[in-house]
Structures are given as structure tokens and as C-alpha cells.
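Content type compact mmCIF, C-alpha atoms and all ligand atoms, from the file run_10.txt:
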# COMPACT_ATOMS: atom_id res chain seq x y z
CA SER L 1 30.51 82.54 -1.84
CA ALA L 2 28.30 83.23 1.20
CA GLU L 3 24.72 82.13 1.74
CA LEU L 4 22.46 85.08 0.95
CA LEU L 5 20.10 85.86 3.84
CA ASP L 6 16.92 86.89 2.06
CA GLY L 7 15.27 89.42 4.35
CA LYS L 8 12.65 90.29 1.78
CA LYS L 9 11.40 86.71 1.60
CA ILE L 10 11.33 86.28 5.39
CA ALA L 11 9.58 89.63 5.79
CA GLY L 12 6.93 88.35 3.36
CA GLU L 13 6.38 85.30 5.55
CA ILE L 14 6.08 87.41 8.71
CA ARG L 15 3.69 89.84 7.00
CA ALA L 16 1.50 86.93 5.89
CA ASP L 17 1.48 85.62 9.50
CA VAL L 18 0.53 89.07 10.81
CA ALA L 19 -2.23 89.45 8.18
CA ALA L 20 -3.71 86.10 9.23
CA ASP L 21 -3.53 87.08 12.91
CA VAL L 22 -5.17 90.45 12.18
CA ALA L 23 -7.98 88.67 10.32
CA SER L 24 -8.67 86.36 13.25
CA PHE L 25 -8.44 89.28 15.72
CA VAL L 26 -11.11 91.11 13.72
CA ALA L 27 -13.22 87.96 13.26
CA ASP L 28 -13.06 87.64 17.02
CA GLY L 29 -14.73 91.04 17.43
CA GLY L 30 -11.61 93.22 17.63
CA ALA L 31 -11.64 96.59 15.87
CA LYS L 32 -9.39 96.92 12.82
CA PRO L 33 -5.93 97.79 14.22
CA CYS L 34 -4.71 101.29 13.44
CA LEU L 35 -1.23 102.77 13.22
CA ALA L 36 -0.94 106.57 13.24
CA ALA L 37 2.25 107.99 11.75
CA VAL L 38 3.31 111.56 12.45
CA LEU L 39 5.38 113.09 9.67
CA VAL L 40 6.85 116.55 10.18
CA GLY L 41 8.36 118.44 7.25
CA GLU L 42 9.34 117.35 3.77
CA ASP L 43 12.33 115.03 4.17
CA PRO L 44 12.16 112.82 1.04
CA ALA L 45 13.48 109.63 2.71
CA SER L 46 10.99 110.01 5.59
CA GLN L 47 8.13 110.47 3.11
CA VAL L 48 9.12 107.25 1.33
CA TYR L 49 9.41 105.35 4.64
CA VAL L 50 5.98 106.51 5.83
CA ARG L 51 4.38 105.69 2.48
CA ASN L 52 5.90 102.17 2.53
CA LYS L 53 4.75 101.63 6.10
CA ASN L 54 1.19 102.69 5.21
CA ARG L 55 1.12 100.40 2.20
CA ALA L 56 2.36 97.46 4.28
CA CYS L 57 -0.31 98.23 6.91
CA GLU L 58 -3.13 98.16 4.38
CA LYS L 59 -1.92 94.84 2.98
CA ALA L 60 -1.97 93.33 6.47
CA GLY L 61 -5.49 94.60 7.20
CA ILE L 62 -4.22 97.41 9.46
CA GLU L 63 -5.37 100.99 8.98
CA GLY L 64 -2.45 103.34 8.33
CA ARG L 65 -3.12 107.01 9.10
CA THR L 66 -0.63 109.77 8.43
CA HIS L 67 -0.66 113.12 10.20
CA ARG L 68 1.39 115.57 8.16
CA LEU L 69 2.66 118.67 9.88
CA ASP L 70 4.53 121.59 8.43
CA ALA L 71 8.20 121.95 9.49
CA SER L 72 7.20 125.29 11.04
CA THR L 73 5.02 123.46 13.59
CA SER L 74 5.97 124.26 17.19
CA GLN L 75 7.17 121.79 19.79
CA GLY L 76 3.93 122.42 21.74
CA GLU L 77 1.69 121.71 18.75
CA LEU L 78 3.54 118.48 18.04
CA ILE L 79 3.25 117.38 21.68
CA ASP L 80 -0.48 118.24 21.57
CA LEU L 81 -1.00 116.04 18.51
CA VAL L 82 0.77 113.09 20.15
CA GLY L 83 -1.42 113.66 23.23
CA GLN L 84 -4.57 113.54 21.10
CA LEU L 85 -3.41 110.27 19.51
CA ASN L 86 -2.72 108.87 22.99
CA ASP L 87 -6.34 109.69 23.96
CA ASP L 88 -7.87 108.43 20.69
CA ALA L 89 -9.20 104.92 21.36
CA THR L 90 -9.29 104.15 17.62
CA VAL L 91 -5.48 104.55 17.41
CA ASN L 92 -3.47 101.54 18.61
CA GLY L 93 0.07 102.42 17.59
CA ILE L 94 1.85 105.78 17.28
CA LEU L 95 4.96 106.33 15.22
CA VAL L 96 6.79 109.66 15.11
CA GLN L 97 8.95 109.54 12.00
CA LEU L 98 12.53 110.57 12.74
CA PRO L 99 14.54 112.65 12.19
CA LEU L 100 12.40 115.69 12.99
CA PRO L 101 13.44 118.65 10.81
CA LYS L 102 16.49 120.47 12.17
CA ASP L 103 14.98 123.88 11.34
CA GLY L 104 11.55 123.07 12.81
CA ASN L 105 9.87 124.57 15.88
CA GLY L 106 10.31 128.12 14.58
CA GLY L 107 13.99 127.52 13.70
CA ALA L 108 14.97 126.33 17.19
CA GLY L 109 14.71 122.62 16.30
CA PHE L 110 12.60 120.06 18.12
CA ASP L 111 13.35 118.31 21.37
CA GLU L 112 12.99 114.78 19.97
CA ARG L 113 13.33 113.14 23.36
CA GLU L 114 10.40 115.11 24.80
CA VAL L 115 8.21 114.20 21.82
CA LEU L 116 9.02 110.48 22.05
CA ASP L 117 8.55 110.52 25.83
CA THR L 118 5.00 111.77 25.27
CA VAL L 119 3.95 108.64 23.38
CA ASP L 120 1.80 106.35 25.57
CA PRO L 121 4.02 103.29 26.33
CA LEU L 122 1.11 101.01 25.40
CA LYS L 123 1.02 102.60 21.91
CA ASP L 124 4.81 102.84 21.54
CA VAL L 125 5.25 100.46 18.60
CA ASP L 126 8.82 101.67 17.96
CA ALA L 127 9.73 100.75 21.56
CA PHE L 128 11.49 104.08 22.17
CA SER L 129 9.86 105.00 25.47
CA PRO L 130 11.95 104.64 28.64
CA VAL L 131 9.40 102.16 30.01
CA ASN L 132 9.72 99.83 27.03
CA VAL L 133 13.51 100.20 26.89
CA GLY L 134 13.66 99.39 30.61
CA LEU L 135 11.44 96.33 30.25
CA LEU L 136 13.69 95.03 27.46
CA MET L 137 16.79 95.66 29.58
CA GLN L 138 15.24 93.61 32.39
CA GLY L 139 14.49 90.71 30.06
CA ARG L 140 10.70 91.12 30.15
CA PRO L 141 10.05 93.08 26.96
CA ARG L 142 6.65 94.40 25.89
CA PHE L 143 7.35 95.86 22.42
CA LEU L 144 10.68 94.99 20.83
CA PRO L 145 12.33 97.66 18.66
CA CYS L 146 11.59 96.79 15.04
CA THR L 147 15.03 96.67 13.41
CA PRO L 148 16.81 94.48 16.00
CA HIS L 149 13.71 92.32 16.33
CA GLY L 150 13.74 91.82 12.55
CA ILE L 151 17.39 90.73 12.76
CA VAL L 152 16.55 88.21 15.51
CA GLN L 153 13.76 86.84 13.30
CA LEU L 154 16.14 86.62 10.34
CA LEU L 155 18.73 84.64 12.33
CA HIS L 156 16.04 82.40 13.84
CA ARG L 157 14.21 81.67 10.60
CA THR L 158 17.42 80.94 8.67
CA GLY L 159 18.61 78.60 11.42
CA HIS L 160 21.67 80.60 12.48
CA SER L 161 22.24 80.15 16.19
CA VAL L 162 24.32 82.71 18.10
CA ALA L 163 24.11 81.02 21.50
CA GLY L 164 27.53 80.90 23.15
CA LYS L 165 29.13 82.63 20.17
CA ASN L 166 30.86 85.97 19.77
CA VAL L 167 28.63 88.67 18.34
CA VAL L 168 30.07 92.09 17.53
CA VAL L 169 27.58 94.92 17.05
CA VAL L 170 29.14 97.99 15.44
CA GLY L 171 27.14 101.11 16.34
CA ARG L 172 25.55 102.04 19.70
CA SER L 173 22.44 103.96 18.67
CA ASP L 174 19.29 103.76 20.80
CA ILE L 175 17.37 102.54 17.76
CA VAL L 176 19.60 99.70 16.59
CA GLY L 177 22.96 99.01 18.22
CA LYS L 178 22.13 99.20 21.93
CA PRO L 179 18.90 97.17 21.88
CA MET L 180 20.46 94.67 19.45
CA ALA L 181 23.32 93.99 21.86
CA MET L 182 20.88 93.67 24.76
CA MET L 183 18.56 91.27 22.94
CA LEU L 184 21.29 88.86 21.87
CA ALA L 185 22.81 88.79 25.36
CA GLN L 186 19.52 87.82 27.09
CA LYS L 187 19.06 84.38 28.65
CA ASP L 188 15.90 83.70 26.66
CA GLY L 189 15.31 85.64 23.50
CA SER L 190 12.07 86.49 21.74
CA CYS L 191 12.59 83.48 19.44
CA GLY L 192 14.17 81.14 21.97
CA ARG L 193 17.61 80.49 23.37
CA ASP L 194 19.36 79.99 20.05
CA VAL L 195 19.08 83.67 19.20
CA ALA L 196 19.99 84.78 22.73
CA ASN L 197 22.87 83.77 25.03
CA ALA L 198 25.51 85.38 22.82
CA THR L 199 28.73 86.92 24.09
CA VAL L 200 28.23 90.43 22.80
CA THR L 201 30.74 93.20 22.11
CA LEU L 202 29.32 96.66 21.42
CA ALA L 203 31.78 98.55 19.21
CA HIS L 204 31.48 102.19 18.14
CA SER L 205 33.31 105.24 16.78
CA ARG L 206 35.80 105.25 19.69
CA THR L 207 36.64 101.53 19.52
CA ALA L 208 40.40 100.95 19.24
CA ASP L 209 41.44 98.61 16.41
CA LEU L 210 37.93 97.98 15.14
CA GLY L 211 39.25 95.51 12.56
CA ALA L 212 40.69 93.21 15.23
CA VAL L 213 37.48 93.44 17.27
CA CYS L 214 35.35 92.62 14.22
CA ARG L 215 37.54 89.63 13.35
CA THR L 216 36.56 88.00 16.67
CA ALA L 217 32.92 87.93 15.51
CA ASP L 218 31.13 84.72 14.62
CA CYS L 219 28.27 87.10 13.86
CA LEU L 220 28.98 90.69 12.85
CA ILE L 221 26.17 93.24 12.86
CA ALA L 222 26.98 96.57 11.20
CA ALA L 223 24.82 99.58 12.10
CA VAL L 224 27.20 102.44 11.46
CA GLY L 225 25.71 104.58 8.71
CA ILE L 226 28.98 104.81 6.75
CA PRO L 227 28.86 103.32 3.24
CA GLN L 228 30.92 100.12 2.85
CA MET L 229 32.97 100.80 5.95
CA ILE L 230 33.22 97.12 6.95
CA LYS L 231 35.83 95.59 4.63
CA ALA L 232 36.42 91.93 3.84
CA ASP L 233 39.60 91.84 5.95
CA MET L 234 37.53 92.75 9.05
CA ILE L 235 35.44 89.59 8.71
CA LYS L 236 36.27 86.21 10.21
CA PRO L 237 36.01 83.52 7.49
CA GLY L 238 32.61 81.84 7.69
CA ALA L 239 31.01 84.54 9.89
CA ILE L 240 27.37 85.61 9.64
CA VAL L 241 27.29 89.24 8.49
CA VAL L 242 24.18 91.38 9.01
CA ASP L 243 24.26 94.76 7.28
CA VAL L 244 21.82 97.29 8.76
CA GLY L 245 23.14 100.31 6.86
CA ILE L 246 21.01 102.13 4.33
CA ASN L 247 23.21 104.72 2.65
CA ARG L 248 22.41 106.58 -0.52
CA VAL L 249 25.44 106.89 -2.78
CA GLY L 250 24.43 108.68 -5.96
CA SER L 251 21.31 106.89 -7.12
CA LYS L 252 22.26 103.61 -5.40
CA LEU L 253 21.53 102.24 -1.93
CA VAL L 254 24.55 100.65 -0.27
CA GLY L 255 25.05 99.11 3.13
CA ASP L 256 27.74 99.57 5.78
CA VAL L 257 29.50 96.45 4.48
CA ASP L 258 31.59 96.17 1.32
CA PHE L 259 29.23 93.48 0.05
CA GLU L 260 31.02 92.22 -3.08
CA ALA L 261 34.28 91.51 -1.25
CA ALA L 262 32.65 90.46 2.03
CA LYS L 263 30.52 87.75 0.45
CA GLU L 264 33.70 85.90 -0.54
CA VAL L 265 34.77 85.66 3.12
CA ALA L 266 31.51 85.45 5.09
CA GLY L 267 29.52 82.28 5.61
CA ALA L 268 26.20 84.13 5.31
CA ILE L 269 25.36 87.75 4.55
CA THR L 270 22.37 90.09 4.12
CA PRO L 271 22.10 92.17 0.94
CA VAL L 272 21.23 95.88 0.81
CA PRO L 273 18.52 96.46 -0.23
CA GLY L 274 16.43 93.36 0.48
CA GLY L 275 18.01 92.43 3.81
CA VAL L 276 17.20 94.09 7.12
CA GLY L 277 15.03 96.92 5.75
CA PRO L 278 11.93 94.85 4.84
CA LEU L 279 12.10 93.06 8.20
CA THR L 280 11.87 96.35 10.08
CA ILE L 281 8.49 97.09 8.48
CA ALA L 282 7.25 93.55 9.10
CA MET L 283 8.01 93.86 12.82
CA LEU L 284 6.25 97.23 12.95
CA LEU L 285 3.07 95.49 11.74
CA HIS L 286 3.61 92.79 14.35
CA ASN L 287 3.91 95.44 17.09
CA THR L 288 0.80 97.27 15.91
CA LEU L 289 -1.29 94.12 16.18
CA MET L 290 0.25 93.48 19.61
CA ALA L 291 -0.73 97.01 20.67
CA ALA L 292 -4.30 96.41 19.52
CA LYS L 293 -4.41 93.20 21.56
CA LEU L 294 -2.96 94.94 24.64
CA GLN L 295 -5.53 97.73 24.43
CA ARG L 296 -8.53 95.51 23.90
P1 LIG L 301 23.47 106.35 14.25
O1 LIG L 301 24.07 107.37 13.35
O2 LIG L 301 22.54 106.77 15.33
O3 LIG L 301 24.63 105.48 14.95
C1 LIG L 301 25.77 105.12 14.26
C2 LIG L 301 26.73 104.44 15.19
O4 LIG L 301 27.88 104.06 14.47
C3 LIG L 301 27.21 105.29 16.37
O5 LIG L 301 27.02 104.58 17.58
C4 LIG L 301 28.71 105.47 16.14
O6 LIG L 301 29.47 105.35 17.34
C5 LIG L 301 29.03 104.32 15.20
N1 LIG L 301 30.11 104.73 14.32
C6 LIG L 301 30.17 105.85 13.55
N2 LIG L 301 31.33 105.89 12.91
C7 LIG L 301 32.03 104.80 13.27
C8 LIG L 301 33.31 104.29 12.93
N3 LIG L 301 34.11 104.92 12.10
N4 LIG L 301 33.70 103.14 13.47
C9 LIG L 301 32.90 102.47 14.33
N5 LIG L 301 31.68 102.90 14.67
C10 LIG L 301 31.26 104.05 14.16
O7 LIG L 301 22.82 105.27 13.27
P2 LIG L 301 21.58 104.24 13.35
O8 LIG L 301 20.31 104.98 13.48
O9 LIG L 301 21.88 103.11 14.28
O10 LIG L 301 21.69 103.72 11.85
C11 LIG L 301 22.84 103.07 11.34
C12 LIG L 301 22.60 102.71 9.90
O11 LIG L 301 21.52 101.81 9.82
C13 LIG L 301 22.21 103.88 8.99
O12 LIG L 301 22.75 103.64 7.70
C14 LIG L 301 20.70 103.80 8.94
O13 LIG L 301 20.17 104.34 7.74
C15 LIG L 301 20.50 102.32 8.99
N6 LIG L 301 19.22 101.90 9.56
C16 LIG L 301 18.55 100.92 8.91
C17 LIG L 301 17.38 100.45 9.40
C18 LIG L 301 16.71 99.35 8.66
O14 LIG L 301 15.51 99.17 8.78
N7 LIG L 301 17.44 98.57 7.88
C19 LIG L 301 16.82 100.98 10.55
C20 LIG L 301 17.52 101.99 11.23
C21 LIG L 301 18.73 102.43 10.72
If you convert what's in this file into C-alpha cells, what do you get?
Ligand code: NAD
Amino acid sequence: SAELLDGKKIAGEIRADVAADVASFVADGGAKPCLAAVLVGEDPASQVYVRNKNRACEKAGIEGRTHRLDASTSQGELIDLVGQLNDDATVNGILVQLPLPKDGNGGAGFDEREVLDTVDPLKDVDAFSPVNVGLLMQGRPRFLPCTPHGIVQLLHRTGHSVAGKNVVVVGRSDIVGKPMAMMLAQKDGSCGRDVANATVTLAHSRTADLGAVCRTADCLIAAVGIPQMIKADMIKPGAIVVDVGINRVGSKLVGDVDFEAAKEVAGAITPVPGGVGPLTIAMLLHNTLMAAKLQR
């Protein structure tokens, strides 16, 4: 049975490191770092995410502020709020919780891209702005996107090198798949060469014979959003399997990997929950402190 990669434990270690760094930043005369979250509408999952992020902030000595807007808010009002947060020197990081409600902006829906593009790149702790994406692409990142950065930390801190190996990333989203592929293919990664220098394949919904592609992976990273889509017979024996998926099935959370069967084939695997999810929040705290340092 596979080694269980305990994301929750590693996230705890990173959060303790960030809390210690925040304390010395403040002792050094820095203002208490502040993360402002913008939450539009009533989506239950988004409310839970924002609440968890705020709680994690407070525990790390970071102020978490939430700006709640009604789904009926207009695109212009939302852009204005982001502009105010850009100009507010007491705010270091800005997070616009996605997805924005489909029926928002007077029923027309929001232009998410325009909202995210408004966030000051120096406060862009999600690393969604074109400037931060471009810097990452060029191998000189400022903020790293939280979920793929958490995965890099997980591999690094559990001693799983991907250098020279085949990594298959399933899913090409701007939030997870694309930056993940880019980070692992760099010459020098954020945690050194062992978690960079991979030979990366970026698979997606149009990939032909996904099973065969996945079976080439020494490290398989699933970010698909389809419950238990990655079956045991798609995994190379001994491979490292990272499951990014968070899918609600009834009252249970399940990943994109068929965990029970996969753990009999894989060499190491992340559980859901308790795998990648907690790491994402830990890296958000890390980025907020970094933003405070950049702005000082
Ligand atoms: P997304 O919906 O934006 O992208 C999904 C990707 O999967 C697409 O690129 C698509 O091409 C690919 N895909 C869809 N069907 C496929 C198929 N049949 N075969 C191969 N590829 C297919 O999703 P996302 O935002 O990257 O999120 C993916 C999953 O990760 C979701 O379950 C989400 O909840 C979860 N997630 C978790 C965290 C975390 O902190 N753990 C963070 C972000 C997202």
C-alpha cells in the first residue's frame, strides 16, 4: 500500500513557519499583514473557503478582512471596490473569491477576467494577474499560485524528486494545471532543482488515450474536477499520485482519483481531504506575508 502524503501535517509546518516570520516582521517594525477577501453572493462552498482562509490568517498573525457584496452588485461597483483595496495602504493582499455568481451584475454575469486584471500585481496573492503569470513563465516568479506551490512544497518536504522524470498533469486550468506544468518544467524551482527539471506532459479533456498517457507518469497530478476519474489501471506501479480534486458527492468529499484502488498501485498518494487543500491555504498565508514585505 502506498505512502500517504500528509498535506495537512506539512501545511501545519508551513503555517508555523509563516507565523514565526510574521512575528519577526512585526517585531522589526512592520505593520500587521492584512489580506482582504472579496466575496460576492452566497455560494456555500465559497463562504466556507473564505471563512477557513480568515481563520488561518488570524492564527498566523495576519489580519483577515472580508468584503461581502450582494450578487446583484454591478461589474463597476466590484471594480471600484478592488480599486479602493489597491489604494488602501493597510491592505497587503487582495483575493477575489471565485467563481463570481453567474447571475450577478444585474443578471448579465461578471467579467471575471476584468475584475482579476484590476488587482494590483503587488497585492495579487493568488498570482492570477498577467504580470505575475508572465514572470512565472519566464522563470523569475514573484508570487507563485497557491495550489501548485503547495504541491511543490509537498513533494519537496516529503523528499520526492521529479527531476528528469515524467510528470503528467491532467487538467489545463489557469489556476492549477497550467502553472503546475510550468513550475515543474523550470530549470530551478522554488524549492530547488529536485522539484523542477521534470519532463512534463499537460493532458486535458481532448487528450487521446488518457490512460496510456497517464501510465507514462512517474508523478501523476490530477486536477480535473471529475470524481474518481483516475482509475488504478491508469497509474504506473510505484508512481507518486497527487490528487487536487475536491468534489462533493452526497455528503462526502472525494478527489479526482479512485483512492482506494489507486493506493494499491501507487508508491505515494495524497488523500482527499487532508492532501492538497490545506497546502493551498498555507501558501496563501506565505504570499500575504511576501506581499507585506514587498510593500514595505
Ligand atoms: P477546471 O474545471 O478549470 O479545469 C479542469 C480541467 O480538467 C480542464 O483543463 C479540462 O480540460 C480537464 N478535463 C475535464 N474533463 C477531462 C477528462 N475527461 N479527461 C481529461 N481531462 C479533463 O478545474 P480546476 O480549477 O483546475 O480544478 C480542478 C479540481 O481541483 C476541482 O475538483 C477543484 O475543486 C479542485 N481544486 C482544488 C484546489 C485545492 O486547493 N486542493 C484548488 C483549486 C481547485
Nearby polymer residues, ligand LIG 301 (chain L), at most 8 Å, only C-alpha atoms and all ligand atoms, as a VMD selection string | chain L and resid 146 to 147 170 to 177 203 to 207 210 222 to 227 229 243 to 247 255 to 256 275 to 281
Kindly indicate which residue among L:Ala266, L:Ala2, L:Ala16, L:Val82 lies nearest to Val115 (chain L), using all atoms listed in the file for the distances.
-> L:Val82
Near-Gln153 (chain L) list (10 Å; only C-alpha atoms; drop same-chain fewer than 5 positions) as a VMD selection string | chain L and resid 7 10 to 11 14 147 to 148 158 to 159 190 to 191 195 279 283
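Put simply, CA of Ala185 (chain L) is 12.6 Å away from CA of Ser161 (chain L).
The residue set within 7 Å of Thr90 (chain L), counting all atoms listed in the file and dropping same-chain residues fewer than 2 places from it, reads L:Cys34, L:Asp88, L:Asn92.
Residues lying within 12 Å of Ile79 (chain L), counting all atoms listed in the file and ignoring same-chain neighbours fewer than 4 positions away, are Val38, Leu69, Thr73, Ser74, Gln75, Gly83, Gln84, Leu85, Asn86, Val96, Asn105, Phe110, Asp111, Glu112, Arg113, Glu114, Val115, Leu116, Asp117, Thr118, Val119 and Asp120 of chain L.
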If we count only C-alpha atoms, what is near Leu122 (chain L) at a cut-off of 12 Å, once residues fewer than 5 positions away on the same chain are taken out, given as a ChimeraX atom specification?
-> /L:85-87,89,91-94,127-132,142-143,287-296
Find the residues near Ala239 (chain L): any atom within 8 Å, counting all atoms listed in the file, skip ones fewer than 2 places away on the same chain, and give them as a ChimeraX atom specification.
-> /L:217-220,235-237,241,265-268
